[in-house]
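Engineer: Structure: work-v9.cif, mmCIF, C-alpha atoms.
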data_my_file
loop_
_atom_site.group_PDB
_atom_site.id
_atom_site.type_symbol
_atom_site.label_atom_id
_atom_site.label_comp_id
_atom_site.auth_asym_id
_atom_site.auth_seq_id
_atom_site.Cartn_x
_atom_site.Cartn_y
_atom_site.Cartn_z
ATOM 1 C CA MET N 1347 12.848 17.784 11.278
ATOM 2 C CA GLN N 1348 12.248 19.398 14.632
ATOM 3 C CA ILE N 1349 12.930 17.131 17.598
ATOM 4 C CA ASP N 1350 12.581 18.461 21.150
ATOM 5 C CA VAL N 1351 14.838 16.839 23.724
ATOM 6 C CA SER N 1352 13.907 17.098 27.408
ATOM 7 C CA PRO N 1353 16.303 15.702 30.005
ATOM 8 C CA LEU N 1354 14.263 14.575 33.001
ATOM 9 C CA GLN N 1355 15.341 13.128 36.339
ATOM 10 C CA SER N 1356 16.169 9.606 35.240
ATOM 11 C CA ALA N 1357 14.872 9.726 31.716
ATOM 12 C CA THR N 1358 15.262 11.596 28.488
ATOM 13 C CA MET N 1359 12.234 12.453 26.389
ATOM 14 C CA LEU N 1360 12.431 12.959 22.644
ATOM 15 C CA LYS N 1361 9.528 14.587 20.900
ATOM 16 C CA PRO N 1362 9.735 14.649 17.104
ATOM 17 C CA HIS N 1363 7.347 16.834 15.134
ATOM 18 C CA GLY N 1364 5.879 15.979 11.745
ATOM 19 C CA ASP N 1365 5.911 12.929 9.499
ATOM 20 C CA VAL N 1366 8.735 10.449 10.011
ATOM 21 C CA ASP N 1367 9.630 8.927 6.662
ATOM 22 C CA MET N 1368 12.729 8.129 4.649
ATOM 23 C CA SER N 1369 13.430 11.817 4.089
ATOM 24 C CA CYS N 1370 13.964 12.577 7.780
ATOM 25 C CA ALA N 1371 14.518 9.236 9.534
ATOM 26 C CA ARG N 1372 18.210 10.084 9.703
ATOM 27 C CA ASP N 1373 17.417 13.188 11.804
ATOM 28 C CA LEU N 1374 15.542 11.014 14.283
ATOM 29 C CA GLN N 1375 18.352 8.476 14.240
ATOM 30 C CA GLY N 1376 20.894 11.180 15.104
ATOM 31 C CA ALA N 1377 18.795 12.469 17.989
ATOM 32 C CA LEU N 1378 18.240 8.955 19.347
ATOM 33 C CA HIS N 1379 21.931 8.090 19.161
ATOM 34 C CA GLN N 1380 22.853 11.300 20.928
ATOM 35 C CA ALA N 1381 20.323 10.717 23.688
ATOM 36 C CA LEU N 1382 21.462 7.118 24.152
ATOM 37 C CA ARG N 1383 25.108 8.123 24.541
ATOM 38 C CA ALA N 1384 24.225 9.569 27.969
ATOM 39 C CA LYS N 1385 22.817 6.121 28.950
ATOM 40 C CA PRO N 1386 19.631 7.332 30.651
ATOM 41 C CA GLU N 1387 17.607 4.783 32.609
ATOM 42 C CA ARG N 1388 14.712 5.416 30.292
ATOM 43 C CA LEU N 1389 14.356 6.946 26.848
ATOM 44 C CA ILE N 1390 10.845 8.112 26.112
ATOM 45 C CA VAL N 1391 9.877 8.828 22.521
ATOM 46 C CA ASN N 1392 6.777 10.985 22.584
ATOM 47 C CA LEU N 1393 5.019 10.577 19.236
ATOM 48 C CA GLU N 1394 2.151 12.937 20.004
ATOM 49 C CA ASP N 1395 3.056 15.230 17.106
ATOM 50 C CA VAL N 1396 3.891 12.492 14.613
ATOM 51 C CA SER N 1397 0.894 11.886 12.376
ATOM 52 C CA TYR N 1398 2.637 9.494 9.985
ATOM 53 C CA MET N 1399 5.518 7.042 10.126
ATOM 54 C CA ASP N 1400 6.749 4.598 7.499
ATOM 55 C CA SER N 1401 9.076 1.634 7.900
ATOM 56 C CA SER N 1402 12.129 3.930 7.738
ATOM 57 C CA GLY N 1403 10.993 5.523 10.996
ATOM 58 C CA VAL N 1404 10.111 2.176 12.516
ATOM 59 C CA ALA N 1405 13.537 0.787 11.577
ATOM 60 C CA THR N 1406 15.193 3.756 13.291
ATOM 61 C CA LEU N 1407 13.291 3.028 16.498
ATOM 62 C CA VAL N 1408 14.113 -0.685 16.327
ATOM 63 C CA GLU N 1409 17.784 0.154 15.951
ATOM 64 C CA ALA N 1410 17.593 2.536 18.938
ATOM 65 C CA MET N 1411 15.931 -0.151 21.046
ATOM 66 C CA GLN N 1412 18.718 -2.587 20.210
ATOM 67 C CA ILE N 1413 21.417 -0.051 21.121
ATOM 68 C CA ALA N 1414 19.538 0.829 24.308
ATOM 69 C CA ARG N 1415 19.408 -2.781 25.439
ATOM 70 C CA LYS N 1416 23.198 -2.936 25.544
ATOM 71 C CA SER N 1417 23.321 -0.086 28.052
ATOM 72 C CA LYS N 1418 20.204 -1.281 29.883
ATOM 73 C CA THR N 1419 18.243 1.775 28.844
ATOM 74 C CA SER N 1420 14.531 1.155 28.597
ATOM 75 C CA VAL N 1421 12.874 2.617 25.480
ATOM 76 C CA VAL N 1422 9.216 3.594 25.839
ATOM 77 C CA LEU N 1423 7.014 4.991 23.077
ATOM 78 C CA CYS N 1424 4.017 7.087 24.008
ATOM 79 C CA ASN N 1425 1.090 9.048 22.588
ATOM 80 C CA LEU N 1426 0.910 7.062 19.342
ATOM 81 C CA GLN N 1427 -1.677 8.374 16.896
ATOM 82 C CA ASP N 1428 -3.846 5.734 15.219
ATOM 83 C CA ARG N 1429 -1.957 5.815 11.907
ATOM 84 C CA VAL N 1430 1.362 5.401 13.663
ATOM 85 C CA ARG N 1431 0.106 2.654 15.947
ATOM 86 C CA SER N 1432 -1.185 0.866 12.869
ATOM 87 C CA ILE N 1433 2.258 0.421 11.322
ATOM 88 C CA PHE N 1434 3.594 -1.029 14.574
ATOM 89 C CA GLU N 1435 0.689 -3.476 14.591
ATOM 90 C CA ILE N 1436 1.207 -4.432 10.930
ATOM 91 C CA ALA N 1437 4.887 -5.090 11.635
ATOM 92 C CA ARG N 1438 3.909 -6.860 14.882
ATOM 93 C CA LEU N 1439 6.243 -4.556 16.764
ATOM 94 C CA ASP N 1440 3.518 -3.429 19.148
ATOM 95 C CA ARG N 1441 4.433 -6.564 21.090
ATOM 96 C CA VAL N 1442 8.135 -5.751 21.067
ATOM 97 C CA PHE N 1443 8.132 -2.097 22.135
ATOM 98 C CA LYS N 1444 6.924 -0.776 25.458
ATOM 99 C CA ILE N 1445 4.055 1.508 24.462
ATOM 100 C CA ALA N 1446 2.407 3.878 26.926
ATOM 101 C CA ALA N 1447 -0.782 5.818 26.379
ATOM 102 C CA THR N 1448 0.614 9.078 27.715
ATOM 103 C CA ALA N 1449 3.929 10.679 28.615
ATOM 104 C CA ASP N 1450 2.979 10.531 32.304
ATOM 105 C CA GLU N 1451 2.356 6.808 32.020
ATOM 106 C CA ALA N 1452 5.672 6.348 30.213
ATOM 107 C CA LEU N 1453 7.427 8.140 33.065
ATOM 108 C CA ALA N 1454 5.573 6.274 35.778
ATOM 109 C CA ASN N 1455 5.920 2.676 34.614
ATOM 110 C CA MET Q 1128 -12.837 -5.701 -14.012
ATOM 111 C CA THR Q 1129 -9.167 -6.169 -13.284
ATOM 112 C CA ARG Q 1130 -6.194 -6.367 -15.561
ATOM 113 C CA SER Q 1131 -3.223 -8.579 -15.294
ATOM 114 C CA PRO Q 1132 0.029 -6.692 -14.754
ATOM 115 C CA THR Q 1133 1.301 -7.624 -18.206
ATOM 116 C CA GLN Q 1134 -1.632 -5.881 -19.838
ATOM 117 C CA THR Q 1135 -0.324 -2.545 -18.655
ATOM 118 C CA ALA Q 1136 2.624 -3.004 -21.044
ATOM 119 C CA ASP Q 1137 5.256 -0.289 -20.678
ATOM 120 C CA ALA Q 1138 2.809 2.532 -20.868
ATOM 121 C CA VAL Q 1139 1.565 3.516 -17.438
ATOM 122 C CA SER Q 1140 2.153 7.165 -18.246
ATOM 123 C CA ALA Q 1141 0.123 6.834 -21.450
ATOM 124 C CA THR Q 1142 -2.804 4.784 -20.195
ATOM 125 C CA ALA Q 1143 -3.442 5.662 -16.555
ATOM 126 C CA PRO Q 1144 -6.073 8.340 -15.929
ATOM 127 C CA VAL Q 1145 -3.732 9.888 -13.400
ATOM 128 C CA VAL Q 1146 0.042 9.654 -13.231
ATOM 129 C CA ILE Q 1147 2.728 10.971 -10.891
ATOM 130 C CA ASN Q 1148 6.268 11.203 -12.228
ATOM 131 C CA LEU Q 1149 8.967 11.790 -9.654
ATOM 132 C CA LEU Q 1150 12.689 11.572 -9.253
ATOM 133 C CA SER Q 1151 14.129 9.049 -6.818
ATOM 134 C CA GLN Q 1152 14.261 11.530 -3.964
ATOM 135 C CA ALA Q 1153 12.641 10.962 -0.576
ATOM 136 C CA ARG Q 1154 11.542 14.573 -0.261
ATOM 137 C CA TYR Q 1155 8.714 13.860 -2.709
ATOM 138 C CA LEU Q 1156 7.255 11.022 -0.630
ATOM 139 C CA SER Q 1157 4.905 13.188 1.400
ATOM 140 C CA GLY Q 1158 3.352 14.717 -1.717
ATOM 141 C CA VAL Q 1159 2.831 11.295 -3.278
ATOM 142 C CA ARG Q 1160 1.247 9.990 -0.072
ATOM 143 C CA GLU Q 1161 -1.146 12.897 0.209
ATOM 144 C CA PHE Q 1162 -2.219 12.564 -3.406
ATOM 145 C CA ILE Q 1163 -2.772 8.800 -3.188
ATOM 146 C CA PHE Q 1164 -4.670 9.190 0.100
ATOM 147 C CA SER Q 1165 -6.895 11.862 -1.390
ATOM 148 C CA VAL Q 1166 -7.743 9.870 -4.533
ATOM 149 C CA ALA Q 1167 -8.338 6.676 -2.539
ATOM 150 C CA ARG Q 1168 -10.848 8.540 -0.370
ATOM 151 C CA ARG Q 1169 -12.611 9.734 -3.544
ATOM 152 C CA PHE Q 1170 -12.743 6.128 -4.742
ATOM 153 C CA GLY Q 1171 -14.686 5.256 -1.599
ATOM 154 C CA PHE Q 1172 -12.062 3.922 0.804
ATOM 155 C CA ASP Q 1173 -12.413 4.827 4.449
ATOM 156 C CA GLU Q 1174 -9.703 6.884 6.119
ATOM 157 C CA LYS Q 1175 -7.825 3.909 7.538
ATOM 158 C CA SER Q 1176 -7.729 1.998 4.262
ATOM 159 C CA ALA Q 1177 -6.786 5.102 2.260
ATOM 160 C CA SER Q 1178 -3.989 5.686 4.724
ATOM 161 C CA HIS Q 1179 -2.810 2.094 4.274
ATOM 162 C CA ILE Q 1180 -2.858 2.431 0.476
ATOM 163 C CA ALA Q 1181 -0.719 5.580 0.759
ATOM 164 C CA LEU Q 1182 1.612 3.705 3.117
ATOM 165 C CA ALA Q 1183 1.990 0.841 0.611
ATOM 166 C CA VAL Q 1184 2.946 3.296 -2.142
ATOM 167 C CA ASP Q 1185 5.364 5.075 0.211
ATOM 168 C CA GLU Q 1186 7.045 1.764 1.043
ATOM 169 C CA ALA Q 1187 7.234 0.775 -2.621
ATOM 170 C CA VAL Q 1188 8.823 4.084 -3.652
ATOM 171 C CA CYS Q 1189 11.243 3.927 -0.689
ATOM 172 C CA ASN Q 1190 12.358 0.469 -1.808
ATOM 173 C CA ILE Q 1191 12.943 1.719 -5.358
ATOM 174 C CA ILE Q 1192 14.999 4.679 -4.102
ATOM 175 C CA ARG Q 1193 16.959 2.610 -1.586
ATOM 176 C CA HIS Q 1194 17.495 -0.688 -3.401
ATOM 177 C CA GLY Q 1195 16.643 -0.068 -7.057
ATOM 178 C CA TYR Q 1196 18.534 3.164 -7.541
ATOM 179 C CA ASP Q 1197 20.925 2.744 -4.574
ATOM 180 C CA LYS Q 1198 19.838 6.222 -3.387
ATOM 181 C CA ARG Q 1199 20.802 7.853 -6.685
ATOM 182 C CA ALA Q 1200 18.804 11.076 -6.951
ATOM 183 C CA ASP Q 1201 18.169 11.098 -10.706
ATOM 184 C CA GLY Q 1202 16.158 7.889 -11.154
ATOM 185 C CA GLN Q 1203 12.724 8.079 -12.754
ATOM 186 C CA ILE Q 1204 9.687 6.669 -10.960
ATOM 187 C CA THR Q 1205 6.171 6.636 -12.412
ATOM 188 C CA VAL Q 1206 3.093 5.974 -10.320
ATOM 189 C CA GLY Q 1207 -0.155 5.402 -12.194
ATOM 190 C CA LEU Q 1208 -3.516 4.598 -10.719
ATOM 191 C CA TRP Q 1209 -6.877 3.396 -11.950
ATOM 192 C CA PRO Q 1210 -10.283 2.907 -10.399
ATOM 193 C CA ILE Q 1211 -11.686 -0.618 -10.521
ATOM 194 C CA PRO Q 1212 -13.563 -0.992 -12.804
ATOM 195 C CA GLU Q 1213 -11.816 1.463 -15.066
ATOM 196 C CA ASP Q 1214 -15.138 2.865 -16.277
ATOM 197 C CA ALA Q 1215 -16.487 3.420 -12.759
ATOM 198 C CA PRO Q 1216 -18.680 6.520 -12.914
ATOM 199 C CA GLU Q 1217 -17.565 9.624 -11.113
ATOM 200 C CA GLY Q 1218 -19.349 10.427 -7.878
ATOM 201 C CA ARG Q 1219 -19.874 6.792 -6.922
ATOM 202 C CA ASN Q 1220 -17.779 4.391 -4.928
ATOM 203 C CA THR Q 1221 -15.520 2.189 -7.014
ATOM 204 C CA GLU Q 1222 -14.844 -1.498 -6.423
ATOM 205 C CA GLY Q 1223 -11.207 -0.750 -5.705
ATOM 206 C CA ILE Q 1224 -7.970 0.787 -6.834
ATOM 207 C CA ARG Q 1225 -5.131 -0.479 -9.001
ATOM 208 C CA ILE Q 1226 -1.731 1.168 -8.652
ATOM 209 C CA VAL Q 1227 1.183 0.507 -10.989
ATOM 210 C CA ILE Q 1228 4.676 1.772 -10.153
ATOM 211 C CA GLU Q 1229 7.387 1.607 -12.777
ATOM 212 C CA ASP Q 1230 11.078 2.402 -12.567
ATOM 213 C CA SER Q 1231 14.174 2.101 -14.705
ATOM 214 C CA ALA Q 1232 16.295 0.784 -11.852
ATOM 215 C CA LYS Q 1233 18.161 -2.492 -11.678
ATOM 216 C CA GLN Q 1234 16.106 -5.621 -12.188
ATOM 217 C CA VAL Q 1235 15.505 -8.198 -9.498
ATOM 218 C CA ASP Q 1236 14.054 -11.690 -9.741
ATOM 219 C CA PRO Q 1237 10.440 -11.149 -8.580
ATOM 220 C CA ASP Q 1238 10.509 -14.471 -6.735
ATOM 221 C CA LYS Q 1239 13.252 -13.111 -4.518
ATOM 222 C CA ILE Q 1240 11.247 -10.106 -3.366
ATOM 223 C CA LYS Q 1241 9.728 -11.284 -0.102
ATOM 224 C CA GLY Q 1242 8.783 -9.868 3.253
ATOM 225 C CA ARG Q 1243 11.089 -10.936 6.032
ATOM 226 C CA ASP Q 1244 10.341 -13.126 9.015
ATOM 227 C CA LEU Q 1245 8.820 -10.773 11.566
ATOM 228 C CA ALA Q 1246 10.112 -12.882 14.430
ATOM 229 C CA ASP Q 1247 13.561 -11.669 13.453
ATOM 230 C CA VAL Q 1248 13.341 -8.224 15.036
ATOM 231 C CA ARG Q 1249 15.851 -5.968 13.323
ATOM 232 C CA PRO Q 1250 15.887 -2.629 11.552
ATOM 233 C CA GLY Q 1251 14.809 -2.663 7.913
ATOM 234 C CA GLY Q 1252 13.212 -5.160 5.561
ATOM 235 C CA LEU Q 1253 9.629 -4.370 6.519
ATOM 236 C CA GLY Q 1254 8.480 -2.618 3.338
ATOM 237 C CA VAL Q 1255 7.389 -5.654 1.331
ATOM 238 C CA HIS Q 1256 5.680 -7.174 4.358
ATOM 239 C CA ILE Q 1257 3.701 -3.975 4.879
ATOM 240 C CA MET Q 1258 2.657 -3.786 1.217
ATOM 241 C CA LYS Q 1259 1.446 -7.386 1.240
ATOM 242 C CA GLN Q 1260 -0.334 -6.920 4.512
ATOM 243 C CA VAL Q 1261 -2.353 -3.857 3.551
ATOM 244 C CA MET Q 1262 -3.030 -4.545 -0.158
ATOM 245 C CA ASN Q 1263 -4.997 -7.455 -1.639
ATOM 246 C CA GLU Q 1264 -2.596 -8.117 -4.507
ATOM 247 C CA VAL Q 1265 1.091 -7.239 -4.855
ATOM 248 C CA THR Q 1266 2.887 -8.332 -8.026
ATOM 249 C CA TYR Q 1267 6.412 -7.548 -9.134
ATOM 250 C CA GLU Q 1268 7.664 -8.149 -12.665
ATOM 251 C CA LYS Q 1269 10.601 -7.172 -14.823
ATOM 252 C CA ARG Q 1270 9.832 -4.593 -17.486
ATOM 253 C CA ALA Q 1271 10.750 -5.547 -21.028
ATOM 254 C CA LYS Q 1272 12.814 -2.407 -21.514
ATOM 255 C CA GLY Q 1273 14.581 -2.580 -18.158
ATOM 256 C CA GLY Q 1274 13.546 -1.700 -14.640
ATOM 257 C CA MET Q 1275 10.734 -3.147 -12.577
ATOM 258 C CA ARG Q 1276 6.966 -2.856 -12.458
ATOM 259 C CA LEU Q 1277 4.946 -3.256 -9.280
ATOM 260 C CA THR Q 1278 1.190 -3.676 -9.454
ATOM 261 C CA MET Q 1279 -0.857 -3.359 -6.280
ATOM 262 C CA ILE Q 1280 -4.606 -3.814 -5.977
ATOM 263 C CA LYS Q 1281 -6.901 -3.043 -3.105
ATOM 264 C CA TYR Q 1282 -10.590 -3.917 -3.192
ATOM 265 C CA LEU Q 1283 -13.117 -1.786 -1.445
ATOM 266 C CA SER Q 1284 -15.072 -4.822 -0.280
ATOM 267 C CA ALA Q 1285 -12.068 -5.957 1.733
ATOM 268 C CA SER Q 1286 -12.107 -2.690 3.642
ATOM 269 C CA PRO Q 1287 -12.091 -2.418 6.531
ATOM 270 C CA SER Q 1288 -13.479 -5.659 7.992
ATOM 271 C CA GLU Q 1289 -11.066 -7.965 6.195
ATOM 272 C CA GLU Q 1290 -8.134 -5.633 6.732
ATOM 273 C CA GLY Q 1291 -5.293 -7.309 8.513
ATOM 274 C CA ASP Q 1292 -6.435 -10.775 7.472
ATOM 275 C CA ASN Q 1293 -3.818 -10.917 4.730
ATOM 276 C CA HIS Q 1294 -0.588 -12.545 5.649
ATOM 277 C CA ALA Q 1295 2.720 -11.817 3.992
ATOM 278 C CA ASP Q 1296 5.426 -14.368 3.282
#
Show me this structure written as structure tokens.
Structural biologist:
Amino acid sequence: MQIDVSPLQSATMLKPHGDVDMSCARDLQGALHQALRAKPERLIVNLEDVSYMDSSGVATLVEAMQIARKSKTSVVLCNLQDRVRSIFEIARLDRVFKIAATADEALAN
Amino acid sequence: MTRSPTQTADAVSATAPVVINLLSQARYLSGVREFIFSVARRFGFDEKSASHIALAVDEAVCNIIRHGYDKRADGQITVGLWPIPEDAPEGRNTEGIRIVIEDSAKQVDPDKIKGRDLADVRPGGLGVHIMKQVMNEVTYEKRAKGGMRLTMIKYLSASPSEEGDNHAD
């Protein structure tokens, strides 16, 4: 799957494109691990172009959040489409992740 | 009219009005999702509920690939679906959808298939919770000839106002 990586001043933004399911969760996992190795202050996952995510994708993000905590990197999700937000709500992870409405908000907070 | 899971016998492919046969490979998930979503919409479900039904099937098939077949790529999976009632006329909303998923993977005690405690935040283990949360009925059983059968039912009347009122184990 295509994943754009943008290094910013004190943050790194990852922007995956397409559905995130079991068939490509490993691609996202690889990109997250690579981004976290640089220990940015903030890792922003921009889900604007992700129209669907299953629990494989959610599990990948949970794992990244746990790795990030060890290096005090803050993980922020932004631009969640309704279908994607729904799975976070069903799994009650919308209370666990920092979720911003927009990329600008994710950078600002 | 609904059927108990045992009434489906071992013949989903012979009795369901529509059947998807796939190998245990994740690359087919998106096609299965799109098909289920499309049929659920035709049965009268709104976009959110149809999306949830497709998600439940996705999670079920993922679990079969991951745990049932241990990611083997040559396992057989059959997904059959019925309108509720089965003789619901075309062109009208149904009362719901019944989905039966069969595999020939290793058997598991159905009582041991449970969603995990959501307070324990960790990767994985969410699939069964999601299925139970978005569907009205989720029933696992061992097939007589080996493998497992999962029956999931979603009623139209529970959509969307009652959605999210279900609570998994």
Engineer: Expand the PyMOL selection byres ((chain N) within 8 of (chain Q)) into the individual residues it matches in the shown file, reporting them as an NGL selection string.
Structural biologist: :N and (1367-1369 or 1400-1402 or 1404-1409 or 1429 or 1433 or 1436-1438)
Engineer: Measuring between all atoms listed in the file, which one of Q:Thr1221, Q:Ala1141, Q:Ile1228, Q:Pro1210 shows the shortest distance to Val1159 of chain Q?
Structural biologist: Q:Ile1228
Engineer: Can you list, as a PyMOL selection string, the residues that the PyMOL selection byres ((chain Q and resi 1282) around 10) selects here?
Structural biologist: chain Q and resi 1172+1176+1210-1211+1221-1225+1262-1264+1280-1281+1283-1287
Engineer: Can you translate the PyMOL selection byres ((chain N and resi 1419-1421) around 12) into the concrete residues it hits in this file, as JSON, numbers by chain?
Structural biologist: {"N": [1356, 1357, 1358, 1359, 1360, 1378, 1381, 1382, 1383, 1384, 1385, 1386, 1387, 1388, 1389, 1390, 1391, 1392, 1407, 1408, 1409, 1410, 1411, 1412, 1413, 1414, 1415, 1416, 1417, 1418, 1422, 1423, 1424, 1442, 1443, 1444, 1445, 1446, 1452, 1453, 1455]}
Engineer: Counting all atoms listed in the file, figure out which residue out of Q:Val1265, Q:Pro1144, Q:Asp1230, Q:Arg1199 gets nearest to Asp1214 of chain Q.
Structural biologist: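 Under the stated criterion, the closest residue is Q:Pro1144.
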Engineer: Please compute the atom CA of Ala1215 of chain Q-atom CA of Met1275 of chain Q distance, one decimal, in Å.
Structural biologist: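 If I compute the distance from atom CA of Ala1215 of chain Q to atom CA of Met1275 of chain Q, I get 28.0 Å.
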Engineer: Between atom CA of Asp1450 of chain N and atom CA of His1363 of chain N, what is the spacing in Å?
Structural biologist: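 Distance between the two atoms: 18.8 Å.
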Engineer: Show me as a ChimeraX atom specification the residues that reach within 10 Å of (14.8, 0.0, -4.5), counting all atoms listed in the file and using the file's own coordinates.
Structural biologist: /Q:1151,1186-1198,1230,1232-1235,1275
Engineer: Residues as selected, C-alpha atoms, written as a PDB file, in the frame of the given file, can you do that?
Structural biologist:
ATOM      1  CA  SER Q1151      14.129   9.049  -6.818  1.00  0.00           C
ATOM      2  CA  GLU Q1186       7.045   1.764   1.043  1.00  0.00           C
ATOM      3  CA  ALA Q1187       7.234   0.775  -2.621  1.00  0.00           C
ATOM      4  CA  VAL Q1188       8.823   4.084  -3.652  1.00  0.00           C
ATOM      5  CA  CYS Q1189      11.243   3.927  -0.689  1.00  0.00           C
ATOM      6  CA  ASN Q1190      12.358   0.469  -1.808  1.00  0.00           C
ATOM      7  CA  ILE Q1191      12.943   1.719  -5.358  1.00  0.00           C
ATOM      8  CA  ILE Q1192      14.999   4.679  -4.102  1.00  0.00           C
ATOM      9  CA  ARG Q1193      16.959   2.610  -1.586  1.00  0.00           C
ATOM     10  CA  HIS Q1194      17.495  -0.688  -3.401  1.00  0.00           C
ATOM     11  CA  GLY Q1195      16.643  -0.068  -7.057  1.00  0.00           C
ATOM     12  CA  TYR Q1196      18.534   3.164  -7.541  1.00  0.00           C
ATOM     13  CA  ASP Q1197      20.925   2.744  -4.574  1.00  0.00           C
ATOM     14  CA  LYS Q1198      19.838   6.222  -3.387  1.00  0.00           C
ATOM     15  CA  ASP Q1230      11.078   2.402 -12.567  1.00  0.00           C
ATOM     16  CA  ALA Q1232      16.295   0.784 -11.852  1.00  0.00           C
ATOM     17  CA  LYS Q1233      18.161  -2.492 -11.678  1.00  0.00           C
ATOM     18  CA  GLN Q1234      16.106  -5.621 -12.188  1.00  0.00           C
ATOM     19  CA  VAL Q1235      15.505  -8.198  -9.498  1.00  0.00           C
ATOM     20  CA  MET Q1275      10.734  -3.147 -12.577  1.00  0.00           C
TER      21      MET Q1275
END
Engineer: Near Leu1208 of chain Q, counting all atoms listed in the file, which residues have an atom at most 7 Å away, once you skip same-chain residues fewer than 4 positions from it, shown as a list in words?
Structural biologist: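 My list of contacting residues is Ala1143, Pro1144, Val1145, Val1146, Arg1225, Ile1226 and Val1227 of chain Q.
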Engineer: How far is it from atom CA of Leu1277 of chain Q to atom CA of Ser1140 of chain Q, in Å with one decimal?
Structural biologist: 14.0 Å
Engineer: With all atoms listed in the file as the atoms that count, which of N:Asn1425, N:Gln1375, N:Ser1352, N:Ser1432 lies nearest to Asp1395 of chain N?
Structural biologist: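 Checking each candidate against Asp1395 of chain N, we get N:Asn1425 as the closest.
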Engineer: With all atoms listed in the file as the basis for distance, which of Q:Glu1217, Q:Arg1270, Q:Ala1177, Q:Asp1244 is at the shortest distance from Val1139 of chain Q?
Structural biologist: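 Using all atoms listed in the file, the shortest distance to Val1139 of chain Q belongs to Q:Arg1270.
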Engineer: Limit the output to N, CA and C atoms and give segment 1390-1401 of chain N as a PDB file, in the first residue's frame.
Structural biologist:
ATOM      1  N   ILE N1390       2.105  11.718  13.617  1.00  0.00           N
ATOM      2  CA  ILE N1390       0.731  11.974  13.181  1.00  0.00           C
ATOM      3  C   ILE N1390       0.371  10.979  12.085  1.00  0.00           C
ATOM      4  N   VAL N1391      -0.732  10.281  12.278  1.00  0.00           N
ATOM      5  CA  VAL N1391      -1.200   9.344  11.255  1.00  0.00           C
ATOM      6  C   VAL N1391      -2.443   9.963  10.625  1.00  0.00           C
ATOM      7  N   ASN N1392      -2.258  10.439   9.408  1.00  0.00           N
ATOM      8  CA  ASN N1392      -3.334  11.137   8.705  1.00  0.00           C
ATOM      9  C   ASN N1392      -4.153  10.100   7.918  1.00  0.00           C
ATOM     10  N   LEU N1393      -5.377   9.874   8.359  1.00  0.00           N
ATOM     11  CA  LEU N1393      -6.201   8.820   7.767  1.00  0.00           C
ATOM     12  C   LEU N1393      -7.214   9.359   6.753  1.00  0.00           C
ATOM     13  N   GLU N1394      -6.918  10.534   6.241  1.00  0.00           N
ATOM     14  CA  GLU N1394      -7.821  11.183   5.280  1.00  0.00           C
ATOM     15  C   GLU N1394      -8.153  10.286   4.093  1.00  0.00           C
ATOM     16  N   ASP N1395      -7.176   9.538   3.614  1.00  0.00           N
ATOM     17  CA  ASP N1395      -7.391   8.712   2.418  1.00  0.00           C
ATOM     18  C   ASP N1395      -7.601   7.240   2.752  1.00  0.00           C
ATOM     19  N   VAL N1396      -7.989   6.973   3.985  1.00  0.00           N
ATOM     20  CA  VAL N1396      -8.302   5.592   4.379  1.00  0.00           C
ATOM     21  C   VAL N1396      -9.818   5.498   4.575  1.00  0.00           C
ATOM     22  N   SER N1397     -10.474   4.804   3.672  1.00  0.00           N
ATOM     23  CA  SER N1397     -11.936   4.735   3.742  1.00  0.00           C
ATOM     24  C   SER N1397     -12.414   3.528   4.539  1.00  0.00           C
ATOM     25  N   TYR N1398     -11.497   2.604   4.839  1.00  0.00           N
ATOM     26  CA  TYR N1398     -11.903   1.399   5.570  1.00  0.00           C
ATOM     27  C   TYR N1398     -10.720   0.897   6.388  1.00  0.00           C
ATOM     28  N   MET N1399     -11.010   0.451   7.589  1.00  0.00           N
ATOM     29  CA  MET N1399      -9.976  -0.183   8.420  1.00  0.00           C
ATOM     30  C   MET N1399     -10.625  -1.297   9.218  1.00  0.00           C
ATOM     31  N   ASP N1400      -9.971  -2.456   9.274  1.00  0.00           N
ATOM     32  CA  ASP N1400     -10.498  -3.526  10.135  1.00  0.00           C
ATOM     33  C   ASP N1400      -9.613  -3.648  11.378  1.00  0.00           C
ATOM     34  N   SER N1401      -9.842  -4.677  12.175  1.00  0.00           N
ATOM     35  CA  SER N1401      -9.118  -4.751  13.445  1.00  0.00           C
ATOM     36  C   SER N1401      -7.625  -5.019  13.244  1.00  0.00           C
TER      37      SER N1401
END
